[in-house]
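Visitor: final.txt is the file, holding compact mmCIF, C-alpha atoms:
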```txt
# COMPACT_ATOMS: atom_id res chain seq x y z
CA MET A 1 -48.80 47.17 47.74
CA SER A 2 -48.34 44.73 44.94
CA ALA A 3 -45.77 42.14 44.01
CA ALA A 4 -44.59 43.56 40.71
CA LEU A 5 -43.29 41.20 38.08
CA VAL A 6 -40.26 43.04 36.73
CA GLY A 7 -38.72 40.36 34.58
CA TYR A 8 -39.75 37.11 32.95
CA SER A 9 -38.50 34.21 30.96
CA SER A 10 -39.04 30.47 31.08
CA SER A 11 -38.03 28.28 34.00
CA GLU A 12 -35.10 26.89 32.07
CA ASP A 13 -31.67 28.51 32.33
CA GLU A 14 -30.94 31.10 29.68
CA GLU A 15 -29.45 28.66 27.23
CA GLU A 16 -30.47 28.06 23.66
CA GLU A 17 -31.82 24.70 22.80
CA GLU A 18 -29.66 22.89 20.31
CA GLU A 19 -31.42 21.50 17.26
CA GLU A 20 -30.62 18.00 16.16
CA GLU A 21 -30.83 17.22 12.46
CA GLY A 22 -30.79 13.60 11.27
CA GLN A 23 -28.88 12.63 8.15
CA GLY A 24 -30.38 10.41 5.48
CA GLY A 25 -29.90 6.61 5.57
CA THR A 26 -28.07 4.38 3.08
CA ARG A 27 -29.23 4.06 -0.53
CA GLY A 28 -32.18 1.76 -0.89
CA SER A 29 -33.15 1.91 2.78
CA ARG A 30 -35.57 4.16 4.57
CA ARG A 31 -34.82 5.37 8.08
CA LEU A 32 -37.93 5.86 10.18
CA PRO A 33 -38.12 9.23 11.93
CA VAL A 34 -37.39 9.25 15.64
CA PRO A 35 -40.48 10.31 17.60
CA GLU A 36 -40.29 13.90 18.80
CA CYS A 37 -40.98 12.85 22.40
CA VAL A 38 -37.83 10.71 22.36
CA LEU A 39 -35.73 13.50 20.85
CA ALA A 40 -37.07 15.92 23.47
CA MET A 41 -36.04 13.53 26.25
CA PHE A 42 -32.43 13.46 25.03
CA ARG A 43 -32.38 17.24 24.56
CA GLU A 44 -33.55 17.69 28.15
CA GLU A 45 -30.85 15.37 29.48
CA GLU A 46 -28.23 17.25 27.51
CA ARG A 47 -29.44 20.59 28.90
CA ASP A 48 -29.35 19.21 32.45
CA GLU A 49 -25.74 18.10 31.96
CA LYS A 50 -24.81 21.55 30.69
CA ARG A 51 -26.46 23.23 33.68
CA ASP A 52 -24.40 21.17 36.10
CA ASP A 53 -21.12 21.55 34.15
CA SER A 54 -19.03 23.79 36.42
CA SER A 55 -16.69 24.69 33.54
CA ARG A 56 -19.56 26.68 32.02
CA HIS A 57 -19.95 28.78 35.20
CA GLY A 58 -16.44 29.79 36.18
CA GLY A 59 -15.91 26.65 38.25
CA ARG A 60 -18.98 27.26 40.41
CA VAL A 61 -20.81 24.16 41.60
CA ARG A 62 -24.57 24.00 42.08
CA CYS A 63 -25.45 23.75 45.80
CA PHE A 64 -28.36 21.43 45.02
CA PRO A 65 -29.06 19.28 41.94
CA HIS A 66 -31.24 20.60 39.17
CA GLU A 67 -34.80 19.32 39.50
CA ARG A 68 -36.98 19.20 36.42
CA GLY A 69 -39.95 21.47 37.06
CA GLY A 70 -38.22 23.04 40.08
CA TRP A 71 -37.48 26.77 40.22
CA ALA A 72 -34.52 27.96 42.32
CA THR A 73 -35.88 30.72 44.57
CA HIS A 74 -34.16 33.33 46.73
CA VAL A 75 -35.47 36.29 48.80
CA TYR A 76 -33.15 39.26 49.25
CA LEU A 77 -32.67 43.01 49.55
CA PRO A 78 -31.20 44.34 46.28
CA TYR A 79 -28.49 47.00 46.38
CA GLN A 80 -27.88 49.33 43.45
CA ALA A 81 -24.16 50.12 43.54
CA GLN A 82 -23.04 53.72 43.01
CA GLU A 83 -19.75 54.81 41.43
CA GLU A 84 -17.93 55.28 44.75
CA PHE A 85 -19.01 51.84 45.94
CA LEU A 86 -17.60 50.29 42.75
CA GLU A 87 -14.33 52.16 43.32
CA LEU A 88 -14.09 50.64 46.81
CA LEU A 89 -14.95 47.24 45.35
CA GLU A 90 -12.07 47.47 42.87
CA LEU A 91 -9.62 48.39 45.63
CA LEU A 92 -10.73 45.45 47.76
CA ALA A 93 -10.73 42.93 44.89
CA SER A 94 -7.33 44.08 43.62
CA HIS A 95 -5.76 43.75 47.07
CA ALA A 96 -7.36 40.35 47.69
CA ARG A 97 -5.82 39.15 44.39
CA THR A 98 -2.35 39.68 45.86
CA TYR A 99 -3.23 36.76 48.15
CA VAL A 100 -5.59 34.79 45.86
CA PRO A 101 -5.14 35.68 42.16
CA SER A 102 -8.47 34.09 41.17
CA VAL A 103 -10.60 36.50 43.21
CA THR A 104 -13.38 37.96 41.03
CA ALA A 105 -15.43 41.07 41.81
CA MET A 106 -19.18 40.61 42.13
CA GLU A 107 -21.40 42.25 39.52
CA GLU A 108 -24.66 42.34 41.51
CA PHE A 109 -25.12 43.09 45.18
CA HIS A 110 -27.68 42.15 47.82
CA VAL A 111 -28.32 41.04 51.38
CA SER A 112 -29.93 37.60 51.57
CA LEU A 113 -33.11 37.04 53.58
CA SER A 114 -33.45 33.34 52.69
CA GLN A 115 -31.50 30.36 51.56
CA SER A 116 -31.85 29.26 47.95
CA VAL A 117 -34.78 26.84 47.85
CA VAL A 118 -36.63 24.97 45.10
CA LEU A 119 -40.27 25.82 44.30
CA ARG A 120 -42.58 23.83 42.08
CA TYR A 121 -44.04 25.99 39.34
CA HIS A 122 -47.59 25.87 40.70
CA TRP A 123 -46.32 27.10 44.09
CA ILE A 124 -44.90 30.35 42.74
CA SER A 125 -48.06 32.50 42.73
CA PRO A 126 -49.31 31.50 46.21
CA PHE A 127 -45.75 31.73 47.58
CA MET A 128 -45.43 35.32 46.33
CA GLN A 129 -48.87 36.17 47.69
CA SER A 130 -47.83 34.92 51.12
CA LEU A 131 -44.64 36.99 50.96
CA LYS A 132 -46.64 40.06 49.96
CA GLU A 133 -49.02 39.69 52.90
CA ARG A 134 -46.29 39.06 55.48
CA LEU A 135 -44.02 41.89 54.30
CA ALA A 136 -46.74 44.51 53.76
CA ALA A 137 -46.28 46.23 57.13
CA PHE A 138 -42.53 46.84 56.91
CA HIS A 139 -41.07 50.31 56.43
CA ARG A 140 -37.89 51.42 54.72
CA PHE A 141 -34.82 51.38 56.94
CA PHE A 142 -31.06 51.91 56.96
CA CYS A 143 -28.18 49.49 57.43
CA VAL A 144 -24.46 50.07 57.73
CA ALA A 145 -22.27 47.38 56.12
CA ASP A 146 -18.68 48.25 56.96
CA ARG A 147 -16.99 45.18 58.48
CA VAL A 148 -14.96 43.02 56.11
CA LYS A 149 -15.53 39.31 56.63
CA VAL A 150 -14.70 36.11 54.75
CA TYR A 151 -17.43 33.54 54.07
CA THR A 152 -17.89 30.23 52.29
CA ASN A 153 -21.03 28.64 50.87
CA GLN A 154 -22.50 25.56 52.58
CA ASN A 155 -20.53 23.10 50.44
CA LYS A 156 -17.25 25.00 50.89
CA THR A 157 -16.93 25.17 47.09
CA ARG A 158 -16.75 28.97 46.97
CA THR A 159 -15.26 31.65 49.18
CA PHE A 160 -16.58 35.22 49.43
CA VAL A 161 -15.25 38.51 50.71
CA GLY A 162 -18.19 40.46 52.12
CA LEU A 163 -19.12 43.56 54.05
CA GLU A 164 -20.97 42.51 57.19
CA VAL A 165 -23.87 44.58 58.50
CA SER A 166 -22.95 46.35 61.75
CA THR A 167 -26.11 48.48 62.12
CA GLY A 168 -29.62 47.36 61.17
CA HIS A 169 -29.29 43.74 62.28
CA PHE A 170 -32.53 43.78 64.29
CA GLN A 171 -34.64 44.99 61.36
CA LEU A 172 -33.14 42.31 59.13
CA LEU A 173 -33.98 39.62 61.70
CA GLU A 174 -37.59 40.81 61.71
CA LEU A 175 -37.78 40.44 57.93
CA VAL A 176 -36.19 36.99 58.05
CA SER A 177 -38.72 35.90 60.67
CA GLU A 178 -41.58 36.66 58.27
CA VAL A 179 -39.83 35.07 55.28
CA ASP A 180 -39.16 31.96 57.39
CA LYS A 181 -42.88 31.65 58.11
CA VAL A 182 -43.59 31.54 54.39
CA MET A 183 -40.90 28.89 53.93
CA GLU A 184 -42.46 26.80 56.66
CA GLU A 185 -45.83 26.93 54.88
CA TYR A 186 -44.19 25.03 52.02
CA ASP A 187 -41.97 22.81 54.16
CA LEU A 188 -38.85 24.55 52.84
CA PRO A 189 -35.60 25.28 54.73
CA VAL A 190 -35.65 28.45 56.82
CA PHE A 191 -32.73 30.89 57.02
CA TYR A 192 -29.56 30.23 59.00
CA LYS A 193 -29.56 30.45 62.77
CA ASP A 194 -27.68 33.55 64.02
CA PRO A 195 -27.10 34.84 60.46
CA SER A 196 -24.25 37.16 59.52
CA PHE A 197 -26.00 39.58 57.16
CA HIS A 198 -23.60 40.90 54.54
CA ILE A 199 -23.09 42.21 51.01
CA SER A 200 -20.76 39.92 49.06
CA MET A 201 -18.09 41.93 47.22
CA ALA A 202 -15.89 39.28 45.57
CA TRP A 203 -15.59 35.51 45.26
CA CYS A 204 -13.32 32.66 44.21
CA VAL A 205 -13.63 28.92 43.71
CA GLY A 206 -12.74 26.64 46.62
CA ASP A 207 -12.36 27.08 50.37
CA LEU A 208 -9.64 29.72 50.57
CA ARG A 209 -10.43 31.21 53.94
CA GLY A 210 -6.92 30.38 55.11
CA SER A 211 -5.46 32.70 52.47
CA LEU A 212 -7.96 35.55 52.82
CA GLU A 213 -8.35 35.72 56.59
CA GLY A 214 -5.70 36.94 59.01
CA GLN A 215 -3.30 39.50 57.51
CA CYS A 216 -5.25 39.89 54.28
CA LEU A 217 -8.52 40.49 56.12
CA GLN A 218 -6.96 43.17 58.31
CA GLU A 219 -5.51 44.93 55.28
CA LEU A 220 -8.89 44.84 53.53
CA GLN A 221 -10.53 46.36 56.62
CA ASP A 222 -7.91 49.11 56.61
CA ILE A 223 -8.82 49.90 52.98
CA VAL A 224 -12.49 50.28 53.98
CA ASP A 225 -11.70 52.41 57.03
CA ARG A 226 -9.43 54.76 55.04
CA PHE A 227 -11.70 55.04 51.99
CA GLU A 228 -13.03 58.58 51.52
CA ASP A 229 -16.70 58.91 52.49
CA SER A 230 -16.93 55.21 53.37
CA ALA A 231 -19.33 56.06 56.23
CA ARG A 232 -21.71 57.60 53.69
CA ILE A 233 -21.53 55.06 50.87
CA LEU A 234 -21.78 52.05 53.22
CA ARG A 235 -24.95 53.38 54.86
CA VAL A 236 -27.65 51.77 52.76
CA GLN A 237 -31.36 52.57 52.68
CA TRP A 238 -33.44 49.54 51.78
CA GLU A 239 -36.52 50.40 49.73
CA GLN A 240 -37.73 47.04 48.46
CA ILE A 241 -37.49 43.30 48.95
CA ARG A 242 -37.07 41.12 45.89
CA CYS A 243 -37.67 37.45 45.21
CA LYS A 244 -36.09 35.66 42.26
CA SER A 245 -37.71 32.39 41.22
CA GLY A 246 -36.14 30.81 38.16
CA ASN A 247 -35.95 33.80 35.84
CA LYS A 248 -38.96 35.59 37.30
CA PHE A 249 -38.39 38.59 39.56
CA PHE A 250 -40.95 39.86 42.08
CA SER A 251 -40.60 43.16 43.91
CA PHE A 252 -42.17 44.04 47.28
CA PRO A 253 -41.75 47.79 48.00
CA LEU A 254 -41.24 48.78 51.62
CA ARG A 255 -43.53 51.48 52.99
```
Would you mind writing the file out in structure tokens?
Guide:
Amino acid sequence: MSAALVGYSSSEDEEEEEEEEGQGGTRGSRRLPVPECVLAMFREEERDEKRDDSSRHGGRVRCFPHERGGWATHVYLPYQAQEEFLELLELLASHARTYVPSVTAMEEFHVSLSQSVVLRYHWISPFMQSLKERLAAFHRFFCVADRVKVYTNQNKTRTFVGLEVSTGHFQLLELVSEVDKVMEEYDLPVFYKDPSFHISMAWCVGDLRGSLEGQCLQELQDIVDRFEDSARILRVQWEQIRCKSGNKFFSFPLR
């Protein structure tokens, strides 16, 4: 089994660098060119400010500050949504908006096996090799994610509506145990104690659990329970583990 690199770009966010062009000085004077290293320093600071500007990301706030040379890294099980799943998603998001109008449907889906951590660039290759070795023995397996639950991120800056895993919890804990061992090799945070594995379906800015729990949560669960073929579409077979580091993606197929 190999860790396949399925996508690549630089460690910087996918933002174009802005060019700075100096204008000429006054007549009879000669303006010395600013050294490129100084210009590069100011460009980097400007890019860092843009990365942390929540207005550029729908109000989302970074959970940890951007570190120059650091690559945000996350291990997870990717889920490829089918048409019926997206229909259920739209029903859930539309109903949640009757309580919180800013609720937004997710566009990508997964179950997390790690927290988001920061890797130095030179750690990436050995980190992925360690993941490959520790995950090599795992086989494909099924989970059922059919219980609606409301979550927040650690900083309480975002709220999520998710589908919690009700079957397959033990297999997920086994995977997390191996991922945690890799994290410990690099003195990085391990996963949460007693995790609630789930697929996030929708999100909004702020801690809005008070609005989405209670009556709203029960109504969302009723939508899931009544949805045609929900037992089939919410039974998920996991076939690979993926790790995203910066804008690199590594895939670890299950046996």
Visitor: What is the CA of Val176 in chain A to CA of Gln129 in chain A distance in Å?
Guide: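 That distance, rounded to one decimal, is 16.4 Å.
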Visitor: Which residues come within 12 Å of Glu108 in chain A, counting all atoms listed in the file, excluding same-chain residues fewer than 6 positions away, as number ranges by chain?
Guide: A: 76-82, 85-86, 89, 199-203
Visitor: Give me, please, the distance in Å between CA of Gln240 in chain A and CA of Leu135 in chain A, quoted to one decimal.
Guide: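 CA of Gln240 in chain A sits 10.0 Å away from CA of Leu135 in chain A.
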Visitor: Out of A:Thr167, A:Thr98, A:Thr73, A:Ser245, which residue has the shortest atom-to-atom distance to Glu219 in chain A when counting all atoms listed in the file?
Guide: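 Of A:Thr167, A:Thr98, A:Thr73, A:Ser245, the one nearest Glu219 in chain A, counting all atoms listed in the file, is A:Thr98.
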Visitor: Looking at A:His95, A:Arg134, A:His139, A:His122, which one is nearest to Arg255 in chain A, with distances taken over only C-alpha atoms?
Guide: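 For Arg255 in chain A, the nearest of the given residues is A:His139.
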Visitor: CA of Phe160 in chain A to CA of Leu173 in chain A: how many Å, to one decimal?
Guide: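 That distance, rounded to one decimal, is 21.7 Å.
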Visitor: Which residues of range 64-93 of chain A have any atom within 8 Å of an atom in range 221-233 of chain A when counting only C-alpha atoms, and what is the closest pair of atoms for each, with the distance in Å to one decimal? Order the rows by chain and rising number and write it as CSV.
Guide:
```
residue,atom,partner,partner_atom,distance
A:Glu84,CA,A:Ile233,CA,7.1
A:Phe85,CA,A:Ile233,CA,6.4
A:Leu88,CA,A:Phe227,CA,7.2
A:Leu91,CA,A:Ile223,CA,7.5
A:Leu92,CA,A:Ile223,CA,7.1
```
Visitor: Here is a test: counting only C-alpha atoms, which residue of A:Leu163, A:Val111, A:Cys204, A:Ala137 is nearest to Gln237 in chain A?
Guide: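 Checking each candidate against Gln237 in chain A, we get A:Val111 as the closest.
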Visitor: Need the shell around range 143-148 of chain A: protein/DNA/RNA residues with any atom at most 6 Å away, counting only C-alpha atoms. Skip same-chain ones fewer than 4 positions apart. Format as a PyMOL selection string?
Guide: chain A and resi 162-168+221+234-236
Visitor: Considering all atoms listed in the file, return as a PyMOL selection string whatever protein or nucleic-acid residues lie within 7 Å of range 69-72 of chain A, sequence-local ones (same chain, fewer than 2 positions apart) excluded.
Guide: chain A and resi 11+67+74+116-121+245-246
Visitor: Go through A:Leu175, A:Phe138, A:Val103, A:Leu113 and flag the residue nearest Tyr192 in chain A, using only C-alpha atoms for the distances.
Guide: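 Counting only C-alpha atoms, the residue closest to Tyr192 in chain A is A:Leu113.
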Visitor: From the set A:Cys216, A:Ala93, A:Met106, A:Val75, which residue has the shortest atom-to-atom contact distance to Val182 in chain A, counting all atoms listed in the file?
Guide: A:Val75
